[in-house]
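Worksheet: the structure to be examined is printed underneath.
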Amino acid sequence: MTKKAVKIELTMAQPDLFVVIANNGKSFVVQQETDLPGLASTFGWDIRALQKNARMGPPCRHGGTDGSIDCPVCKLPVEEFIESARQFLMAHQGSIVSDLGYFDETD
Ligand SMILES: [Zn+2]
């Protein structure tokens with residue numbers, strides 16, 4: 001079996017409705033807000049860029065969360081991760097990246 005490199009494109013079907021289209025003809029609609037941080041990470045969003053107190057102390061690595069739950073370390077709420085991810089995704093419509101696991105294709 002050979003793993004094919006699948007490319008995925010970020011599109012929006014409506015304001016606030018993200019659709020990911022793969023170059024193998026498949027696509028999916030992002031239904032859950034809590035999926036936005038993971039999706040944004042795939043397209044290059046860095047969760048560590050978001051800090052509660054940017055001027056205070058060393059930045060939190062948010063090691064205990066992927067953005068779909070509150071950070072257990074600095075307590076940054078999940079809503080802020082989601083909003084940051086949403087802003088990133090809206091600014092990156094049309095981006096194309098290598099798929100990291102949404103579409104696993106073998107032949
Ligand atoms: Zn944190």
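Chain lettering (A, B, ...) mirrors the order of the structure tokens, residue numbering begins at 1 for each chain separately, and ligand numbering begins at 1 in order of display.
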With a distance cut-off of 7 Å and only C-alpha atoms, select the neighbouring residues of Leu36 of chain A, excluding the residue or stretch itself and same-chain residues fewer than 6 positions from it, and output the selection as a ChimeraX atom specification. /A:82,85-86
List as a VMD selection string the protein and nucleic acid residues lying within 6 Å of ligand 1, with only C-alpha atoms and all ligand atoms counted. chain A and resid 60 to 62 71 73 to 74 76
Please return, as a VMD selection string, all residues of chain A that DSSP assigns to strand (DSSP E) on the basis of the backbone. chain A and resid 7 to 14 17 to 22 27 to 29 96 to 98
Next, the residues of the selection above should be written as a PDB file, in the first residue's frame with N, CA and C atoms.
```pdb
ATOM      1  N   LYS A   7      -3.957  16.764  -0.741  1.00  0.00           N
ATOM      2  CA  LYS A   7      -3.963  18.202  -0.450  1.00  0.00           C
ATOM      3  C   LYS A   7      -5.388  18.621  -0.101  1.00  0.00           C
ATOM      4  N   ILE A   8      -5.494  19.501   0.847  1.00  0.00           N
ATOM      5  CA  ILE A   8      -6.819  19.970   1.239  1.00  0.00           C
ATOM      6  C   ILE A   8      -6.884  21.490   1.141  1.00  0.00           C
ATOM      7  N   GLU A   9      -8.057  21.965   0.754  1.00  0.00           N
ATOM      8  CA  GLU A   9      -8.272  23.409   0.602  1.00  0.00           C
ATOM      9  C   GLU A   9      -9.342  23.875   1.568  1.00  0.00           C
ATOM     10  N   LEU A  10      -9.082  25.010   2.179  1.00  0.00           N
ATOM     11  CA  LEU A  10     -10.034  25.609   3.112  1.00  0.00           C
ATOM     12  C   LEU A  10     -10.963  26.545   2.352  1.00  0.00           C
ATOM     13  N   THR A  11     -12.260  26.288   2.435  1.00  0.00           N
ATOM     14  CA  THR A  11     -13.232  27.155   1.772  1.00  0.00           C
ATOM     15  C   THR A  11     -14.348  27.490   2.763  1.00  0.00           C
ATOM     16  N   MET A  12     -15.161  28.463   2.384  1.00  0.00           N
ATOM     17  CA  MET A  12     -16.328  28.798   3.196  1.00  0.00           C
ATOM     18  C   MET A  12     -17.568  28.717   2.320  1.00  0.00           C
ATOM     19  N   ALA A  13     -18.553  27.943   2.798  1.00  0.00           N
ATOM     20  CA  ALA A  13     -19.800  27.807   2.058  1.00  0.00           C
ATOM     21  C   ALA A  13     -20.728  28.981   2.358  1.00  0.00           C
ATOM     22  N   GLN A  14     -20.651  29.448   3.568  1.00  0.00           N
ATOM     23  CA  GLN A  14     -21.443  30.581   4.034  1.00  0.00           C
ATOM     24  C   GLN A  14     -20.580  31.290   5.058  1.00  0.00           C
ATOM     25  N   LEU A  17     -19.295  29.068   7.954  1.00  0.00           N
ATOM     26  CA  LEU A  17     -19.431  27.636   7.679  1.00  0.00           C
ATOM     27  C   LEU A  17     -18.243  27.194   6.824  1.00  0.00           C
ATOM     28  N   PHE A  18     -17.325  26.516   7.473  1.00  0.00           N
ATOM     29  CA  PHE A  18     -16.095  26.111   6.789  1.00  0.00           C
ATOM     30  C   PHE A  18     -16.276  24.743   6.150  1.00  0.00           C
ATOM     31  N   VAL A  19     -15.768  24.641   4.934  1.00  0.00           N
ATOM     32  CA  VAL A  19     -15.801  23.381   4.203  1.00  0.00           C
ATOM     33  C   VAL A  19     -14.383  23.076   3.737  1.00  0.00           C
ATOM     34  N   VAL A  20     -13.956  21.853   4.004  1.00  0.00           N
ATOM     35  CA  VAL A  20     -12.629  21.426   3.576  1.00  0.00           C
ATOM     36  C   VAL A  20     -12.799  20.508   2.370  1.00  0.00           C
ATOM     37  N   ILE A  21     -12.106  20.844   1.289  1.00  0.00           N
ATOM     38  CA  ILE A  21     -12.203  20.074   0.053  1.00  0.00           C
ATOM     39  C   ILE A  21     -10.843  19.462  -0.245  1.00  0.00           C
ATOM     40  N   ALA A  22     -10.837  18.149  -0.446  1.00  0.00           N
ATOM     41  CA  ALA A  22      -9.593  17.452  -0.749  1.00  0.00           C
ATOM     42  C   ALA A  22      -9.459  17.256  -2.249  1.00  0.00           C
ATOM     43  N   SER A  27     -14.902  15.827   0.587  1.00  0.00           N
ATOM     44  CA  SER A  27     -14.987  17.085   1.323  1.00  0.00           C
ATOM     45  C   SER A  27     -15.760  16.850   2.603  1.00  0.00           C
ATOM     46  N   PHE A  28     -15.624  17.781   3.513  1.00  0.00           N
ATOM     47  CA  PHE A  28     -16.481  17.726   4.694  1.00  0.00           C
ATOM     48  C   PHE A  28     -16.743  19.114   5.223  1.00  0.00           C
ATOM     49  N   VAL A  29     -17.870  19.231   5.902  1.00  0.00           N
ATOM     50  CA  VAL A  29     -18.281  20.483   6.519  1.00  0.00           C
ATOM     51  C   VAL A  29     -17.900  20.426   7.989  1.00  0.00           C
ATOM     52  N   ILE A  96      -4.200  26.038   0.785  1.00  0.00           N
ATOM     53  CA  ILE A  96      -4.082  24.618   0.452  1.00  0.00           C
ATOM     54  C   ILE A  96      -2.870  24.066   1.187  1.00  0.00           C
ATOM     55  N   VAL A  97      -3.096  22.992   1.943  1.00  0.00           N
ATOM     56  CA  VAL A  97      -2.004  22.370   2.689  1.00  0.00           C
ATOM     57  C   VAL A  97      -2.068  20.857   2.484  1.00  0.00           C
ATOM     58  N   SER A  98      -1.016  20.192   2.915  1.00  0.00           N
ATOM     59  CA  SER A  98      -1.034  18.734   2.894  1.00  0.00           C
ATOM     60  C   SER A  98      -1.938  18.242   4.017  1.00  0.00           C
TER      61      SER A  98
END
```
The residue from A:Gly44, A:Pro59, A:Gly64, A:Pro77 with the smallest atom-to-atom distance to Leu100 of chain A, counting only C-alpha atoms, is A:Gly44
For Glu33 of chain A, list every protein, DNA or RNA residue within 12 Å, evaluated using only C-alpha atoms, and leave out those in the same chain fewer than 5 positions away; present the list as a PyMOL selection string. chain A and resi 16-18+38-40+67-69+78-86
Save out the residues we just selected, C-alpha atoms, as a short mmCIF file (atom, residue, chain, number, x, y, z; two decimals), in the first residue's frame.
```cif
data_model
loop_
_atom_site.label_atom_id
_atom_site.label_comp_id
_atom_site.auth_asym_id
_atom_site.auth_seq_id
_atom_site.Cartn_x
_atom_site.Cartn_y
_atom_site.Cartn_z
CA ASP A 16 -19.09 30.99 9.46
CA LEU A 17 -19.43 27.64 7.68
CA PHE A 18 -16.09 26.11 6.79
CA GLY A 38 -7.77 21.52 15.24
CA LEU A 39 -8.67 22.58 11.73
CA ALA A 40 -6.89 25.90 12.13
CA GLY A 67 -7.92 24.34 21.76
CA SER A 68 -11.07 22.28 22.16
CA ILE A 69 -11.04 22.60 25.95
CA VAL A 78 -11.98 27.36 25.12
CA GLU A 79 -14.10 30.20 23.71
CA GLU A 80 -10.96 32.25 23.15
CA PHE A 81 -9.20 29.42 21.37
CA ILE A 82 -12.22 28.89 19.16
CA GLU A 83 -12.55 32.59 18.35
CA SER A 84 -8.85 32.88 17.53
CA ALA A 85 -9.04 29.78 15.35
CA ARG A 86 -12.14 31.17 13.59
#
```
From a DSSP pass on the backbone, collect the residues of chain A flagged as helix (DSSP H, G or I) and hand them back as a ChimeraX atom specification. /A:33-42,47-49,78-91
